[in-house]
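Undergrad: See upload-v7.tsv below, with TSV, C-alpha atoms and all ligand atoms.
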```tsv
chain	number	residue	atom	x	y	z
L	1236	MET	CA	0.00	0.00	0.00
L	1237	ALA	CA	1.47	3.39	-1.03
L	1238	THR	CA	1.95	5.97	1.70
L	1239	VAL	CA	-0.05	9.15	1.21
L	1240	PRO	CA	1.80	12.38	2.01
L	1241	ASP	CA	0.22	15.71	2.76
L	1242	VAL	CA	-2.35	16.02	-0.02
L	1243	ARG	CA	-5.61	17.93	0.01
L	1244	SER	CA	-8.94	17.55	-1.75
L	1245	VAL	CA	-9.22	18.27	-5.49
L	1246	ALA	CA	-11.27	21.43	-4.87
L	1247	ALA	CA	-8.81	22.83	-2.33
L	1248	VAL	CA	-5.84	22.17	-4.60
L	1249	GLU	CA	-7.46	23.87	-7.60
L	1250	GLU	CA	-8.05	26.99	-5.55
L	1251	SER	CA	-4.38	27.30	-4.60
L	1252	ASN	CA	-1.13	25.90	-5.97
L	1253	PRO	CA	-1.43	24.50	-9.53
L	1254	MET	CA	1.76	22.46	-8.94
L	1255	GLN	CA	0.25	20.48	-6.07
L	1256	SER	CA	-1.31	17.11	-6.80
L	1257	ALA	CA	-4.79	16.11	-5.73
L	1258	PRO	CA	-5.26	12.58	-4.35
L	1259	PHE	CA	-7.05	9.99	-6.48
L	1260	VAL	CA	-7.73	6.46	-5.26
L	1261	ILE	CA	-7.25	3.44	-7.54
L	1262	ARG	CA	-10.55	1.59	-7.96
L	1263	ARG	CA	-9.33	-0.99	-10.48
L	1264	VAL	CA	-6.13	-2.18	-12.14
L	1265	ARG	CA	-6.30	-4.09	-15.42
L	1266	CYS	CA	-3.36	-5.81	-17.06
L	1267	GLU	CA	-3.41	-5.03	-20.81
L	1268	THR	CA	-0.17	-6.73	-21.95
L	1269	ASP	CA	3.07	-7.98	-20.33
L	1270	ASP	CA	4.26	-4.43	-19.66
L	1271	THR	CA	1.15	-2.26	-19.95
L	1272	PHE	CA	-1.65	-1.74	-17.45
L	1273	THR	CA	-4.72	0.45	-17.00
L	1274	VAL	CA	-5.74	2.10	-13.74
L	1275	GLU	CA	-9.20	3.49	-13.04
L	1276	LEU	CA	-9.20	6.26	-10.45
L	1277	GLU	CA	-11.71	8.32	-8.48
L	1278	PRO	CA	-10.99	11.65	-6.81
L	1279	LEU	CA	-10.83	11.67	-3.02
L	1280	GLY	CA	-12.74	14.51	-1.41
L	1281	GLU	CA	-15.83	16.48	-2.37
L	1282	LYS	CA	-15.33	16.88	-6.12
L	1283	LYS	CA	-16.53	13.66	-7.71
L	1284	GLU	CA	-16.11	14.44	-11.40
L	1285	TYR	CA	-13.09	14.97	-13.59
L	1286	SER	CA	-13.71	16.60	-16.97
L	1287	PHE	CA	-11.15	16.44	-19.75
L	1288	SER	CA	-10.93	16.56	-23.53
L	1289	PRO	CA	-9.58	13.70	-25.69
L	1290	GLY	CA	-5.78	13.92	-26.01
L	1291	GLN	CA	-5.13	15.78	-22.74
L	1292	PHE	CA	-2.73	14.43	-20.13
L	1293	ASN	CA	-2.17	14.52	-16.37
L	1294	MET	CA	1.00	14.83	-14.34
L	1295	VAL	CA	0.78	11.61	-12.31
L	1296	TYR	CA	2.67	11.49	-9.01
L	1297	VAL	CA	3.68	8.14	-7.53
L	1298	PHE	CA	4.30	9.22	-3.95
L	1299	GLY	CA	7.93	9.06	-2.91
L	1300	VAL	CA	9.06	8.08	-6.42
L	1301	GLY	CA	8.32	10.80	-8.96
L	1302	GLU	CA	5.92	12.55	-11.28
L	1303	ILE	CA	5.39	11.83	-15.00
L	1304	PRO	CA	3.05	12.92	-17.80
L	1305	ILE	CA	0.47	10.28	-18.78
L	1306	SER	CA	-2.37	10.76	-21.24
L	1307	ILE	CA	-5.94	10.14	-20.18
L	1308	SER	CA	-7.24	6.99	-21.88
L	1309	GLY	CA	-10.84	6.90	-20.61
L	1310	ASP	CA	-14.19	8.07	-21.92
L	1311	PRO	CA	-14.72	11.85	-21.72
L	1312	GLU	CA	-18.47	11.16	-21.29
L	1313	ILE	CA	-17.77	9.30	-18.02
L	1314	PRO	CA	-16.25	12.07	-15.85
L	1315	GLN	CA	-16.68	10.04	-12.64
L	1316	LEU	CA	-13.80	7.78	-13.67
L	1317	LEU	CA	-10.26	8.88	-14.52
L	1318	VAL	CA	-8.43	6.26	-16.62
L	1319	HIS	CA	-4.72	6.00	-17.45
L	1320	THR	CA	-3.00	3.31	-19.51
L	1321	THR	CA	0.73	3.10	-18.88
L	1322	ARG	CA	3.68	1.10	-20.20
L	1323	ALA	CA	6.20	0.24	-17.49
L	1324	VAL	CA	9.52	1.46	-18.91
L	1325	GLY	CA	11.45	3.08	-16.04
L	1326	THR	CA	11.52	4.20	-12.43
L	1327	VAL	CA	8.13	5.86	-12.03
L	1328	THR	CA	6.11	3.72	-14.42
L	1329	LYS	CA	7.49	0.51	-12.84
L	1330	ALA	CA	6.58	1.78	-9.36
L	1331	MET	CA	3.12	2.67	-10.66
L	1332	ALA	CA	2.74	-0.86	-12.05
L	1333	LYS	CA	3.06	-2.24	-8.49
L	1334	LEU	CA	0.11	-0.23	-7.15
L	1335	ARG	CA	-3.18	-1.95	-6.43
L	1336	ARG	CA	-6.84	-1.16	-5.71
L	1337	GLY	CA	-7.07	1.23	-2.74
L	1338	ASP	CA	-3.66	2.82	-3.33
L	1339	VAL	CA	-3.52	6.55	-3.98
L	1340	LEU	CA	-1.87	8.57	-6.79
L	1341	GLY	CA	-1.38	12.33	-6.97
L	1342	ILE	CA	-2.94	13.94	-10.05
L	1343	ARG	CA	-2.42	17.39	-11.59
L	1344	GLY	CA	-4.29	18.27	-14.74
L	1345	PRO	CA	-5.85	17.91	-17.20
L	1346	TYR	CA	-3.22	19.71	-19.28
L	1347	GLY	CA	-2.47	20.30	-22.91
L	1348	VAL	CA	-4.13	20.91	-26.25
L	1349	PRO	CA	-6.62	18.15	-27.15
L	1350	TRP	CA	-7.27	16.31	-30.43
L	1351	PRO	CA	-9.28	18.65	-32.70
L	1352	VAL	CA	-12.25	16.27	-32.96
L	1353	GLU	CA	-14.63	19.11	-33.87
L	1354	LYS	CA	-12.52	19.86	-36.93
L	1355	ALA	CA	-13.50	16.41	-38.23
L	1356	TYR	CA	-17.27	17.05	-37.89
L	1357	GLY	CA	-18.85	16.45	-41.30
L	1358	HIS	CA	-15.70	14.73	-42.61
L	1359	ASP	CA	-14.10	11.30	-42.57
L	1360	ILE	CA	-11.79	10.72	-39.62
L	1361	VAL	CA	-8.73	8.48	-39.77
L	1362	ILE	CA	-7.09	7.52	-36.49
L	1363	VAL	CA	-3.66	5.91	-36.78
L	1364	ALA	CA	-2.05	4.45	-33.65
L	1365	GLY	CA	1.20	2.63	-32.98
L	1366	GLY	CA	1.65	0.57	-29.79
L	1367	ILE	CA	0.86	2.52	-26.61
L	1368	GLY	CA	-0.20	5.41	-28.92
L	1369	LEU	CA	-3.70	3.93	-28.93
L	1370	ALA	CA	-4.13	5.04	-25.28
L	1371	PRO	CA	-4.10	8.82	-25.95
L	1372	LEU	CA	-6.33	8.28	-29.00
L	1373	ARG	CA	-8.94	6.11	-27.26
L	1374	PRO	CA	-10.82	9.11	-25.77
L	1375	ALA	CA	-11.10	10.55	-29.31
L	1376	LEU	CA	-12.61	7.25	-30.48
L	1377	TYR	CA	-15.04	7.25	-27.56
L	1378	HIS	CA	-16.06	10.78	-28.53
L	1379	VAL	CA	-16.54	9.80	-32.19
L	1380	ILE	CA	-18.61	6.75	-31.22
L	1381	SER	CA	-20.80	8.81	-28.84
L	1382	HIS	CA	-21.44	11.35	-31.63
L	1383	ARG	CA	-21.23	8.96	-34.57
L	1384	GLU	CA	-23.73	10.93	-36.70
L	1385	ARG	CA	-21.39	13.94	-36.81
L	1386	PHE	CA	-18.69	12.13	-38.80
L	1387	GLY	CA	-18.34	10.58	-42.22
L	1388	LYS	CA	-16.33	7.36	-42.36
L	1389	VAL	CA	-14.47	6.42	-39.18
L	1390	VAL	CA	-11.28	4.45	-39.74
L	1391	LEU	CA	-8.85	3.13	-37.12
L	1392	LEU	CA	-5.49	1.78	-38.27
L	1393	TYR	CA	-3.62	0.21	-35.36
L	1394	GLY	CA	-0.19	-1.39	-35.45
L	1395	THR	CA	1.82	-3.17	-32.76
L	1396	ARG	CA	5.06	-5.14	-32.75
L	1397	THR	CA	3.46	-8.53	-32.05
L	1398	PRO	CA	-0.10	-9.82	-31.38
L	1399	ALA	CA	0.79	-9.94	-27.65
L	1400	ASP	CA	1.26	-6.15	-27.65
L	1401	ILE	CA	-2.29	-5.32	-28.81
L	1402	LEU	CA	-4.07	-3.08	-26.28
L	1403	PHE	CA	-7.81	-3.04	-25.49
L	1404	ARG	CA	-8.43	-6.30	-27.38
L	1405	ALA	CA	-12.03	-6.87	-26.31
L	1406	GLU	CA	-12.96	-3.30	-27.15
L	1407	LEU	CA	-11.29	-3.53	-30.57
L	1408	GLU	CA	-13.34	-6.68	-31.26
L	1409	ASN	CA	-16.56	-4.90	-30.27
L	1410	TRP	CA	-15.72	-1.93	-32.48
L	1411	ARG	CA	-14.80	-4.24	-35.36
L	1412	ALA	CA	-18.23	-5.86	-35.11
L	1413	ARG	CA	-19.95	-2.49	-35.77
L	1414	PHE	CA	-20.96	-1.73	-39.35
L	1415	ASP	CA	-20.24	1.99	-38.94
L	1416	LEU	CA	-16.55	1.72	-37.94
L	1417	ASP	CA	-13.64	0.43	-40.05
L	1418	ILE	CA	-11.10	-1.11	-37.69
L	1419	PHE	CA	-7.84	-2.54	-39.02
L	1420	VAL	CA	-5.11	-4.07	-36.87
L	1421	THR	CA	-1.67	-5.14	-38.04
L	1422	VAL	CA	1.46	-6.54	-36.38
L	1423	ASP	CA	5.11	-6.19	-37.38
L	1424	ARG	CA	5.83	-9.84	-36.54
L	1425	ALA	CA	3.19	-12.55	-36.45
L	1426	MET	CA	3.12	-15.58	-34.16
L	1427	SER	CA	1.45	-18.90	-34.90
L	1428	GLY	CA	-2.31	-18.56	-34.79
L	1429	TRP	CA	-2.37	-14.93	-35.93
L	1430	LYS	CA	-4.72	-14.62	-38.90
L	1431	GLY	CA	-4.67	-10.84	-39.26
L	1432	ASN	CA	-2.52	-8.37	-41.19
L	1433	VAL	CA	1.27	-8.47	-40.97
L	1434	GLY	CA	3.34	-5.39	-41.77
L	1435	VAL	CA	3.87	-1.91	-40.38
L	1436	VAL	CA	0.83	0.32	-39.95
L	1437	THR	CA	1.71	2.53	-42.93
L	1438	THR	CA	1.15	-0.44	-45.30
L	1439	MET	CA	-2.59	-0.19	-44.58
L	1440	ILE	CA	-2.91	3.46	-45.62
L	1441	PRO	CA	-3.07	3.06	-49.44
L	1442	LYS	CA	-6.22	0.90	-49.26
L	1443	ALA	CA	-7.89	2.33	-46.15
L	1444	PRO	CA	-11.52	3.30	-46.84
L	1445	PHE	CA	-11.51	7.09	-46.42
L	1446	ASP	CA	-11.77	9.98	-48.84
L	1447	PRO	CA	-8.40	11.78	-48.76
L	1448	ARG	CA	-10.02	14.96	-50.15
L	1449	ASP	CA	-12.36	15.13	-47.17
L	1450	SER	CA	-10.63	13.66	-44.10
L	1451	VAL	CA	-8.91	14.61	-40.87
L	1452	ALA	CA	-6.13	12.32	-39.58
L	1453	MET	CA	-4.96	11.93	-35.98
L	1454	ILE	CA	-1.73	10.02	-35.39
L	1455	CYS	CA	0.00	8.85	-32.22
L	1456	GLY	CA	2.91	6.47	-31.86
L	1457	PRO	CA	6.70	6.43	-32.06
L	1458	GLU	CA	7.99	9.55	-33.83
L	1459	ILE	CA	9.33	7.64	-36.83
L	1460	MET	CA	5.92	5.99	-37.27
L	1461	MET	CA	4.16	9.38	-37.13
L	1462	ARG	CA	6.54	10.80	-39.71
L	1463	PHE	CA	6.07	7.92	-42.18
L	1464	THR	CA	2.31	7.88	-41.57
L	1465	ALA	CA	2.07	11.60	-42.36
L	1466	MET	CA	4.12	11.02	-45.52
L	1467	GLU	CA	1.81	8.16	-46.65
L	1468	MET	CA	-1.23	10.34	-45.93
L	1469	ALA	CA	0.26	13.02	-48.17
L	1470	LYS	CA	0.84	10.40	-50.91
L	1471	ARG	CA	-2.88	9.48	-50.66
L	1472	GLY	CA	-3.63	13.15	-51.27
L	1473	LEU	CA	-4.59	14.28	-47.76
L	1474	ASP	CA	-3.87	17.96	-47.14
L	1475	SER	CA	-1.05	18.19	-44.52
L	1476	ASP	CA	-3.06	20.82	-42.63
L	1477	SER	CA	-5.59	18.08	-41.84
L	1478	VAL	CA	-2.99	15.85	-40.15
L	1479	PHE	CA	-2.45	16.04	-36.36
L	1480	VAL	CA	0.14	14.29	-34.20
L	1481	SER	CA	0.77	13.99	-30.45
L	1482	LEU	CA	4.35	14.54	-29.24
L	1483	GLU	CA	6.12	13.14	-26.21
L	1484	ARG	CA	8.89	15.14	-24.59
L	1485	ASN	CA	10.43	15.01	-21.11
L	1486	MET	CA	8.36	17.18	-18.80
L	1487	LYS	CA	8.72	18.53	-15.28
L	1488	CYS	CA	6.06	21.18	-14.60
L	1489	GLY	CA	3.54	20.35	-17.37
L	1490	ILE	CA	2.26	23.94	-17.40
L	1491	GLY	CA	4.80	25.99	-19.36
L	1492	LEU	CA	6.96	27.18	-16.45
L	1493	CYS	CA	10.20	25.17	-16.42
L	1494	GLY	CA	11.15	25.07	-20.11
L	1495	HIS	CA	11.95	21.34	-19.90
L	1496	CYS	CA	9.78	20.46	-22.89
L	1497	GLN	CA	10.67	23.54	-24.91
L	1498	PHE	CA	11.65	23.28	-28.55
L	1499	GLY	CA	12.35	26.69	-30.09
L	1500	PRO	CA	9.28	28.78	-29.38
L	1501	VAL	CA	7.13	25.71	-28.67
L	1502	PHE	CA	6.32	24.26	-25.23
L	1503	VAL	CA	5.09	20.73	-25.81
L	1504	CYS	CA	3.17	20.73	-22.50
L	1505	LYS	CA	1.06	23.81	-23.12
L	1506	ASP	CA	1.16	24.34	-26.91
L	1507	GLY	CA	0.71	20.56	-27.41
L	1508	PRO	CA	1.01	17.65	-26.99
L	1509	VAL	CA	-1.32	17.63	-30.01
L	1510	PHE	CA	-0.03	19.72	-32.91
L	1511	PRO	CA	-0.80	20.15	-36.59
L	1512	TYR	CA	1.80	18.02	-38.35
L	1513	THR	CA	2.95	21.00	-40.42
L	1514	GLN	CA	3.90	22.88	-37.24
L	1515	VAL	CA	6.16	20.16	-35.81
L	1516	LYS	CA	7.42	18.14	-38.74
L	1517	ASP	CA	10.98	19.45	-38.19
L	1518	MET	CA	10.82	18.41	-34.54
L	1519	LEU	CA	10.01	14.85	-35.57
L	1520	LEU	CA	13.42	14.70	-37.24
L	1521	LYS	CA	15.17	15.57	-33.97
L	1522	ARG	CA	15.94	13.25	-31.06
L	1523	GLU	CA	14.45	13.82	-27.58
L	1524	ILE	CA	15.67	17.18	-26.23
N	1601	LIG	C1	2.18	14.29	-23.02
N	1601	LIG	C2	2.68	12.89	-22.72
N	1601	LIG	C3	1.76	11.88	-22.61
N	1601	LIG	C4	2.22	10.58	-22.32
N	1601	LIG	N1	1.27	9.59	-22.22
N	1601	LIG	C5	1.66	8.34	-21.92
N	1601	LIG	C6	0.70	7.31	-21.77
N	1601	LIG	O1	-0.52	7.50	-21.92
N	1601	LIG	N2	1.14	6.08	-21.43
N	1601	LIG	C7	2.47	5.82	-21.24
N	1601	LIG	O2	2.82	4.67	-20.94
N	1601	LIG	N3	3.41	6.77	-21.39
N	1601	LIG	C8	3.04	8.02	-21.70
N	1601	LIG	N4	3.99	9.00	-21.82
N	1601	LIG	C9	5.40	8.65	-21.60
N	1601	LIG	C10	5.70	8.62	-20.11
N	1601	LIG	O3	5.63	9.93	-19.58
N	1601	LIG	C11	7.12	8.04	-19.90
N	1601	LIG	O4	7.11	6.69	-20.27
N	1601	LIG	C12	7.53	8.18	-18.45
N	1601	LIG	O5	7.79	9.55	-18.17
N	1601	LIG	C13	8.78	7.36	-18.16
N	1601	LIG	O6	9.10	7.59	-16.80
N	1601	LIG	P1	9.89	6.51	-15.95
N	1601	LIG	O7	10.35	7.18	-14.70
N	1601	LIG	O8	9.08	5.28	-15.79
N	1601	LIG	O9	11.09	6.17	-16.90
N	1601	LIG	P2	12.60	6.72	-16.78
N	1601	LIG	O10	13.22	6.12	-15.56
N	1601	LIG	O11	12.60	8.19	-16.95
N	1601	LIG	O12	13.22	6.06	-18.05
N	1601	LIG	C14	13.77	4.76	-17.98
N	1601	LIG	C15	14.15	4.28	-19.35
N	1601	LIG	O13	12.99	4.18	-20.16
N	1601	LIG	C16	13.17	4.93	-21.33
N	1601	LIG	N5	11.90	5.56	-21.64
N	1601	LIG	C17	11.40	6.67	-21.07
N	1601	LIG	N6	10.22	6.97	-21.62
N	1601	LIG	C18	10.00	6.00	-22.54
N	1601	LIG	C19	8.95	5.72	-23.44
N	1601	LIG	N7	7.89	6.53	-23.55
N	1601	LIG	N8	9.04	4.61	-24.23
N	1601	LIG	C20	10.10	3.79	-24.15
N	1601	LIG	N9	11.13	4.01	-23.31
N	1601	LIG	C21	11.07	5.08	-22.55
N	1601	LIG	C22	14.21	5.98	-21.01
N	1601	LIG	O14	14.89	6.36	-22.19
N	1601	LIG	C23	15.09	5.24	-20.06
N	1601	LIG	O15	16.03	4.45	-20.75
N	1601	LIG	C24	3.58	10.31	-22.14
N	1601	LIG	C25	4.52	11.35	-22.25
N	1601	LIG	C26	4.07	12.63	-22.55
N	1601	LIG	C27	5.06	13.75	-22.66
N	1602	LIG	S1	7.20	20.77	-18.81
N	1602	LIG	FE1	7.77	22.67	-17.92
N	1602	LIG	S2	7.55	24.03	-19.56
N	1602	LIG	FE2	6.77	22.18	-20.37
```
Output the structure of this file as structure tokens.
TA:
Amino acid sequence: MATVPDVRSVAAVEESNPMQSAPFVIRRVRCETDDTFTVELEPLGEKKEYSFSPGQFNMVYVFGVGEIPISISGDPEIPQLLVHTTRAVGTVTKAMAKLRRGDVLGIRGPYGVPWPVEKAYGHDIVIVAGGIGLAPLRPALYHVISHRERFGKVVLLYGTRTPADILFRAELENWRARFDLDIFVTVDRAMSGWKGNVGVVTTMIPKAPFDPRDSVAMICGPEIMMRFTAMEMAKRGLDSDSVFVSLERNMKCGIGLCGHCQFGPVFVCKDGPVFPYTQVKDMLLKREI
């Protein structure tokens, strides 16, 4: 059980120091893959709802270990439940992976510029995800599904390294069963028993069922994948102004104060993490700052 330091209720924190976390209790932990897990959280204290927009992130504090940015992966129409899906890669994420129901995390947020889902109203929407990149895009999919009539075709292209790395399997199956969503999954390397597509996610773009003259694309995954996806979208004829990507950079404050995530005039935490591809395409050629 994690120890809980001096934290106050969500309402009290919002009224004072924006750098101080509010306590959220873990209601459920779900194992997604070998190294990736989802936690469902509820705020402690009087405020029982947590509104956010698809694509926003929180600074998540594992008490006594450290604080990291993690996107919100839940449904924006269910504000009673805060959901984060995290891959255990280092100190903080591995400590977070050990937490269980009843443990408490510190949360600051939501921060950042969301996916421009409204821009896709009346148009086709193409969501392209690589690996853990499906987590920050899932709230956008929930939004699209809740307001399905506002969009033209809805296409999800999702790629992972192996079948064992596929996130949200049951949900993907449910979405695939719907006649009004086009869901395509591919893996870089197949294992025996895999009957689906094999190949990187960009190989699915040429034949994906959307109208490139009337679509908005949202891409999240490793930077090289986002770069090649944007290039394939351009080859299909999609206007680069209609392509959006979500960037990951090291962050400390998350609110534009420390300069840790700064690249030229851009602060990834407050000007992003979601950007028009045209604005950040040079950044995608650079390594982590
Ligand atoms: C806006 C934003 C949203 C994010 N959303 C999510 C999310 O929804 N889910 C999620 O799992 N992560 C997300 N991340 C990434 C997450 O913040 C990092 O994985 C985390 O900060 C790593 O902290 P750590 O202390 O566990 O690792 P560290 O101890 O800092 O790093 C340990 C090792 O892991 C490597 N490493 C660090 N980050 C990554 C990474 N992302 N992938 C692979 N290796 C890495 C480091 O290079 C280092 O070698 C997001 C990042 C940003 C900026
Ligand atoms: S993380 Fe501090 S300015 Fe962006």
Undergrad: Of the candidates L:Ile1305, L:Val1451, L:Leu1316, L:Val1436, which shows the shortest atom-to-atom distance to L:Phe1292, using only C-alpha atoms?
TA: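 Result for the nearest residue to L:Phe1292: L:Ile1305.
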Undergrad: Counting all atoms listed in the file, give me one row per residue of chain L with an atom at most 12 Å from an atom of ligand LIG 1602 (chain N), showing the shortest contact pair and its distance in Å to one decimal, sorted by chain then residue number, as a Markdown table.
TA:
```
| residue | atom | partner | partner_atom | distance |
| --- | --- | --- | --- | --- |
| L:Met1254 | CA | N:LIG1602 | FE1 | 10.8 |
| L:Phe1292 | CA | N:LIG1602 | S1 | 11.9 |
| L:Asn1293 | CA | N:LIG1602 | S1 | 11.5 |
| L:Met1294 | CA | N:LIG1602 | S1 | 9.7 |
| L:Glu1302 | CA | N:LIG1602 | S1 | 11.2 |
| L:Ile1303 | CA | N:LIG1602 | S1 | 9.9 |
| L:Pro1304 | CA | N:LIG1602 | S1 | 8.9 |
| L:Tyr1346 | CA | N:LIG1602 | FE2 | 10.3 |
| L:Gly1347 | CA | N:LIG1602 | FE2 | 9.8 |
| L:Leu1482 | CA | N:LIG1602 | FE2 | 12.0 |
| L:Glu1483 | CA | N:LIG1602 | S1 | 10.7 |
| L:Arg1484 | CA | N:LIG1602 | S1 | 8.2 |
| L:Asn1485 | CA | N:LIG1602 | S1 | 7.0 |
| L:Met1486 | CA | N:LIG1602 | S1 | 3.8 |
| L:Lys1487 | CA | N:LIG1602 | S1 | 4.4 |
| L:Cys1488 | CA | N:LIG1602 | FE1 | 4.0 |
| L:Gly1489 | CA | N:LIG1602 | S1 | 4.0 |
| L:Ile1490 | CA | N:LIG1602 | FE1 | 5.7 |
| L:Gly1491 | CA | N:LIG1602 | S2 | 3.4 |
| L:Leu1492 | CA | N:LIG1602 | S2 | 4.5 |
| L:Cys1493 | CA | N:LIG1602 | FE1 | 3.8 |
| L:Gly1494 | CA | N:LIG1602 | S2 | 3.8 |
| L:His1495 | CA | N:LIG1602 | FE1 | 4.8 |
| L:Cys1496 | CA | N:LIG1602 | FE2 | 4.3 |
| L:Gln1497 | CA | N:LIG1602 | FE2 | 6.1 |
| L:Phe1498 | CA | N:LIG1602 | FE2 | 9.6 |
| L:Gly1499 | CA | N:LIG1602 | S2 | 11.9 |
| L:Pro1500 | CA | N:LIG1602 | S2 | 11.0 |
| L:Val1501 | CA | N:LIG1602 | FE2 | 9.0 |
| L:Phe1502 | CA | N:LIG1602 | FE2 | 5.3 |
| L:Val1503 | CA | N:LIG1602 | FE2 | 5.9 |
| L:Cys1504 | CA | N:LIG1602 | FE2 | 4.4 |
| L:Lys1505 | CA | N:LIG1602 | FE2 | 6.5 |
| L:Asp1506 | CA | N:LIG1602 | FE2 | 8.9 |
| L:Gly1507 | CA | N:LIG1602 | FE2 | 9.4 |
| L:Pro1508 | CA | N:LIG1602 | FE2 | 9.9 |
| L:Ile1524 | CA | N:LIG1602 | FE2 | 11.8 |
```
Undergrad: Convert the current residue selection to file output with C-alpha atoms, as a compact mmCIF listing (two decimals), keeping the file's coordinate frame.
TA:
```txt
# COMPACT_ATOMS: atom_id res chain seq x y z
CA MET L 1254 1.76 22.46 -8.94
CA PHE L 1292 -2.73 14.43 -20.13
CA ASN L 1293 -2.17 14.52 -16.37
CA MET L 1294 1.00 14.83 -14.34
CA GLU L 1302 5.92 12.55 -11.28
CA ILE L 1303 5.39 11.83 -15.00
CA PRO L 1304 3.05 12.92 -17.80
CA TYR L 1346 -3.22 19.71 -19.28
CA GLY L 1347 -2.47 20.30 -22.91
CA LEU L 1482 4.35 14.54 -29.24
CA GLU L 1483 6.12 13.14 -26.21
CA ARG L 1484 8.89 15.14 -24.59
CA ASN L 1485 10.43 15.01 -21.11
CA MET L 1486 8.36 17.18 -18.80
CA LYS L 1487 8.72 18.53 -15.28
CA CYS L 1488 6.06 21.18 -14.60
CA GLY L 1489 3.54 20.35 -17.37
CA ILE L 1490 2.26 23.94 -17.40
CA GLY L 1491 4.80 25.99 -19.36
CA LEU L 1492 6.96 27.18 -16.45
CA CYS L 1493 10.20 25.17 -16.42
CA GLY L 1494 11.15 25.07 -20.11
CA HIS L 1495 11.95 21.34 -19.90
CA CYS L 1496 9.78 20.46 -22.89
CA GLN L 1497 10.67 23.54 -24.91
CA PHE L 1498 11.65 23.28 -28.55
CA GLY L 1499 12.35 26.69 -30.09
CA PRO L 1500 9.28 28.78 -29.38
CA VAL L 1501 7.13 25.71 -28.67
CA PHE L 1502 6.32 24.26 -25.23
CA VAL L 1503 5.09 20.73 -25.81
CA CYS L 1504 3.17 20.73 -22.50
CA LYS L 1505 1.06 23.81 -23.12
CA ASP L 1506 1.16 24.34 -26.91
CA GLY L 1507 0.71 20.56 -27.41
CA PRO L 1508 1.01 17.65 -26.99
CA ILE L 1524 15.67 17.18 -26.23
```
Undergrad: When distances are computed from only C-alpha atoms and all ligand atoms, which of L:Gly1387, L:Pro1314, L:Gly1434, L:Gly1456 shows the smallest separation from ligand LIG 1601 (chain N)?
TA: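 With only C-alpha atoms and all ligand atoms as the atom set, the closest residue is L:Gly1456.
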Undergrad: Could you give me, as a ChimeraX atom specification, the residues that sit within 6 Å of (-8.8, 8.1, -22.9) in the file's coordinates, counting only C-alpha atoms?
TA: /L:1307-1310,1371,1373-1374
Undergrad: If I take atom CA of L:Leu1407 and atom CA of L:Phe1445, how far is one from the other in Å, to one decimal?
TA: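 Computed distance, atom CA of L:Leu1407 to atom CA of L:Phe1445, equals 19.1 Å.
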Undergrad: Pick the closest to ligand LIG 1601 (chain N) from L:Trp1429, L:Phe1259, L:Phe1272, L:Tyr1393: which is it, counting all atoms listed in the file?
TA: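 Of L:Trp1429, L:Phe1259, L:Phe1272, L:Tyr1393, the one nearest ligand LIG 1601 (chain N) is L:Phe1272, counting all atoms listed in the file.
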Undergrad: Name the closest residue to ligand LIG 1601 (chain N) among the candidates L:Met1461, L:Val1264, L:Leu1369, L:Val1361; distances are taken between atoms, counting all atoms listed in the file.
TA: L:Leu1369
Undergrad: Using only C-alpha atoms, which of L:Leu1519, L:Ala1375, L:Val1327, L:Met1466 sits nearest L:Phe1298?
TA: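 Going through L:Leu1519, L:Ala1375, L:Val1327, L:Met1466 one by one, the smallest distance to L:Phe1298 is for L:Val1327.
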Undergrad: Point out the residue among L:Val1339, L:Leu1473, L:Ile1313, L:Ala1323 with the least atom-to-atom distance to ligand LIG 1601 (chain N), counting only C-alpha atoms and all ligand atoms.
TA: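 When distances to ligand LIG 1601 (chain N) are compared using only C-alpha atoms and all ligand atoms, the smallest one comes from L:Ala1323.
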Undergrad: Suppose you want the space between atom CA of L:Arg1383 and atom CA of L:Val1435; what is it in Å?
TA: 28.0 Å
Undergrad: Just how far from atom CA of L:Ser1381 is atom CA of L:Gln1315, in Å to one decimal?
TA: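 Computing the Euclidean distance for atom CA of L:Gln1315 and atom CA of L:Ser1381 yields 16.8 Å.
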Undergrad: Per residue of stretch 1452-1515 of chain L within 12 Å of stretch 1282-1289 of chain L, note the shortest atom pair and the distance in Å to one decimal, counting all atoms listed in the file, and order the rows by chain and increasing residue number, as JSON lines.
TA:
```
{"residue": "L:Met1453", "atom": "CA", "partner": "L:Pro1289", "partner_atom": "CA", "distance": 11.4}
{"residue": "L:Ser1481", "atom": "CA", "partner": "L:Pro1289", "partner_atom": "CA", "distance": 11.4}
{"residue": "L:Pro1508", "atom": "CA", "partner": "L:Pro1289", "partner_atom": "CA", "distance": 11.4}
{"residue": "L:Val1509", "atom": "CA", "partner": "L:Pro1289", "partner_atom": "CA", "distance": 10.1}
```
Undergrad: Got a sec to check which residues sit within 7 Å of (-14.6, 10.7, -41.1), counting all atoms listed in the file, and write them as a short mmCIF file (atom, residue, chain, number, x, y, z; two decimals) with C-alpha atoms, in the frame of the given file?
TA:
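What landed in out00.cif:
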```cif
data_model
loop_
_atom_site.label_atom_id
_atom_site.label_comp_id
_atom_site.auth_asym_id
_atom_site.auth_seq_id
_atom_site.Cartn_x
_atom_site.Cartn_y
_atom_site.Cartn_z
CA ALA L 1355 -13.50 16.41 -38.23
CA HIS L 1358 -15.70 14.73 -42.61
CA ASP L 1359 -14.10 11.30 -42.57
CA ILE L 1360 -11.79 10.72 -39.62
CA VAL L 1361 -8.73 8.48 -39.77
CA PHE L 1386 -18.69 12.13 -38.80
CA GLY L 1387 -18.34 10.58 -42.22
CA LYS L 1388 -16.33 7.36 -42.36
CA VAL L 1389 -14.47 6.42 -39.18
CA SER L 1450 -10.63 13.66 -44.10
CA VAL L 1451 -8.91 14.61 -40.87
#
```
